[in-house]
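Asker: To start, I am sharing the structure in question, which I have written as structure tokens.
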Amino acid sequence: MGTDNTLLTVERLAIGVPGPQPVTLVKHISFSMGRERLALVGESGSGKSLTARALMGLLPPPLQLQAQRLTLGDEDLTRLSERQWSRLRGDRVAMVMQDPKHALNPNQPIGRQVEEPLVLHAKLSRAERREKVLEMLAAVGLPDPAALCRRYPHQLSGGQRQRVAIARALLLRPQILLLDEPTSALDMSVQAEILNLLNRLKQEHGMTYLLVSHDADVIAHMS
């Protein structure tokens, strides 16, 4: 599978619970991605979100993965330590969760949370980090980013929280952005705004998306 332009290669990925009576939750899925928008489609409970979490090294115990091949560029994802995963997340691959309520820390102001990838991965001054945070919050269509940075997640609407989550995920320009049902927790009127935003960011920045969804309308709109 794959070509010289392939970013992500997944061959016979399986996810399950080990033990005397092992349970398989995802059975031998294979796909590859270049610089494109790809949808991972299936019914609720079919293992889509588990697959996305596996690509971020975020499978909860006791779940384990096996794969004939699982690579991001020349990086073998099956051999990474937790420290190596921490370097990879946000920098080369990032994820926008289904429900922004659970993706943001309720006890930290928005500015600090969006800034976190820069603190972990970039050697910038505080002023440089703040400038990049304000630029990205503006890029995702949030008004008055400076004031927004001082607010907390509960002071924002669902659509605003999801825009904040997208801004944080895009801050380091990762090679691949994983979108796990990114609009399913939002009102219908807000869903279209978020999808249009993601399409615009794709056009402006050449983003590569892996979209996890069971919604045919969302899939048609995004991929």
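We label chains A, B, ... in the order they appear in the structure tokens, count residues from 1 in each chain, and number ligands from 1 in the order shown.
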Can you pull out the residues contacting Glu193 in chain A? Cut-off 12 Å, using only C-alpha atoms, and skip same-chain residues under 6 positions away; I want them as a PyMOL selection string.
Answerer: chain A and resi 140-142+158-160+162-163+182-183+186-187+199-200+218+221
Asker: Which residues, written as a ChimeraX atom specification, have at least one atom at most 8 Å from Thr208 in chain A, with only C-alpha atoms counted and residues fewer than 3 positions away on the same chain left out?
Answerer: /A:34-37,175-177,202
Asker: Near Met97 in chain A, counting only C-alpha atoms, which residues have an atom at most 9 Å away, once you skip same-chain residues fewer than 3 positions from it, shown as number ranges by chain?
Answerer: A: 100, 102-103, 162, 165, 178-182
Asker: DSSP on the backbone: what in range 152-201 of chain A comes out strand (DSSP E or B), as JSON, numbers by chain?
Answerer: {"A": [176, 177, 178, 179, 180]}
Asker: Take the residues just selected and output them with N, CA and C atoms as an mmCIF file, in the first residue's frame.
Answerer:
data_model
loop_
_atom_site.group_PDB
_atom_site.id
_atom_site.type_symbol
_atom_site.label_atom_id
_atom_site.label_comp_id
_atom_site.auth_asym_id
_atom_site.auth_seq_id
_atom_site.Cartn_x
_atom_site.Cartn_y
_atom_site.Cartn_z
ATOM 1 N N ILE A 176 -1.479 15.534 9.738
ATOM 2 C CA ILE A 176 -2.810 14.938 9.640
ATOM 3 C C ILE A 176 -3.656 15.406 10.813
ATOM 4 N N LEU A 177 -4.893 15.806 10.508
ATOM 5 C CA LEU A 177 -5.860 16.164 11.550
ATOM 6 C C LEU A 177 -6.959 15.109 11.562
ATOM 7 N N LEU A 178 -7.135 14.450 12.703
ATOM 8 C CA LEU A 178 -8.180 13.455 12.884
ATOM 9 C C LEU A 178 -9.422 14.151 13.434
ATOM 10 N N LEU A 179 -10.543 13.961 12.765
ATOM 11 C CA LEU A 179 -11.805 14.589 13.160
ATOM 12 C C LEU A 179 -12.784 13.501 13.568
ATOM 13 N N ASP A 180 -13.011 13.369 14.872
ATOM 14 C CA ASP A 180 -13.871 12.317 15.395
ATOM 15 C C ASP A 180 -15.276 12.862 15.607
#
Asker: Which is closer to Pro143 in chain A than all the others in A:Leu156, A:Leu65, A:Leu58, A:Met33, using only C-alpha atoms?
Answerer: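 Smallest distance to Pro143 in chain A is found for A:Leu156.
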Asker: Nearest to Arg129 in chain A among A:Asp99, A:Glu75, A:Glu116, A:Glu11, with distances taken over only C-alpha atoms: which residue is it?
Answerer: A:Glu116
Asker: Just give me the gap between CA of Pro60 in chain A and CA of Gly47 in chain A in Å, one decimal is fine.
Answerer: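 Distance reported for this atom pair: 13.4 Å.
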Asker: Which residue, A:Cys149, A:Leu120, A:Leu172, A:Leu88, has the smallest gap to Gln108 in chain A when you use only C-alpha atoms?
Answerer: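 Answer, going by the shortest atom-to-atom distance: A:Cys149.
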Asker: Mind the document's chain letters and residue numbers, and return as a ChimeraX atom specification the residues of range 18-54 of chain A that DSSP labels helix (DSSP H, G or I).
Answerer: /A:48-54
Asker: Can I get the selection written as a short mmCIF file (atom, residue, chain, number, x, y, z; two decimals), in the first residue's frame, with N, CA and C atoms?
Answerer:
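Result went into result-v9.cif, see below:
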data_model
loop_
_atom_site.label_atom_id
_atom_site.label_comp_id
_atom_site.auth_asym_id
_atom_site.auth_seq_id
_atom_site.Cartn_x
_atom_site.Cartn_y
_atom_site.Cartn_z
N LYS A 48 -14.94 3.03 14.79
CA LYS A 48 -14.33 4.17 14.09
C LYS A 48 -13.49 5.02 15.04
N SER A 49 -14.10 5.38 16.16
CA SER A 49 -13.38 6.24 17.12
C SER A 49 -12.19 5.52 17.73
N LEU A 50 -12.32 4.24 17.97
CA LEU A 50 -11.19 3.46 18.49
C LEU A 50 -10.03 3.49 17.50
N THR A 51 -10.35 3.37 16.21
CA THR A 51 -9.31 3.42 15.20
C THR A 51 -8.59 4.76 15.22
N ALA A 52 -9.37 5.86 15.32
CA ALA A 52 -8.76 7.19 15.38
C ALA A 52 -7.89 7.34 16.62
N ARG A 53 -8.37 6.85 17.75
CA ARG A 53 -7.58 6.94 18.99
C ARG A 53 -6.30 6.11 18.89
N ALA A 54 -6.37 4.98 18.21
CA ALA A 54 -5.17 4.17 18.01
C ALA A 54 -4.11 4.94 17.23
#
Asker: Can you tell me which residues surround Met56 in chain A at a distance of at most 8 Å, considering only C-alpha atoms, apart from same-chain residues fewer than 5 positions away, and format the answer as a list in words?
Answerer: Trp85, Arg89, Val93, Ala94 and Met95 of chain A
Asker: Please save N, CA and C atoms of the selected residues as a JSON list (two decimals), in the first residue's frame.
Answerer:
[["chain", "number", "residue", "atom", "x", "y", "z"],
["A", 85, "TRP", "N", 5.30, 9.25, 21.73],
["A", 85, "TRP", "CA", 3.94, 9.65, 21.36],
["A", 85, "TRP", "C", 3.68, 11.10, 21.74],
["A", 89, "ARG", "N", 2.21, 13.78, 19.07],
["A", 89, "ARG", "CA", 0.86, 14.37, 19.16],
["A", 89, "ARG", "C", 0.93, 15.88, 19.12],
["A", 93, "VAL", "N", 0.52, 14.85, 14.21],
["A", 93, "VAL", "CA", -0.87, 14.40, 14.10],
["A", 93, "VAL", "C", -1.64, 14.97, 15.29],
["A", 94, "ALA", "N", -2.84, 15.47, 15.02],
["A", 94, "ALA", "CA", -3.67, 16.06, 16.06],
["A", 94, "ALA", "C", -5.10, 15.59, 15.88],
["A", 95, "MET", "N", -5.91, 15.80, 16.92],
["A", 95, "MET", "CA", -7.26, 15.25, 16.91],
["A", 95, "MET", "C", -8.25, 16.25, 17.48]]
Asker: Could you check which of A:Pro153, A:Leu148, A:Asp91, A:Pro106 is closest to Ala122 in chain A, using only C-alpha atoms?
Answerer: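 Of the candidates, the smallest distance to Ala122 in chain A is held by A:Asp91.
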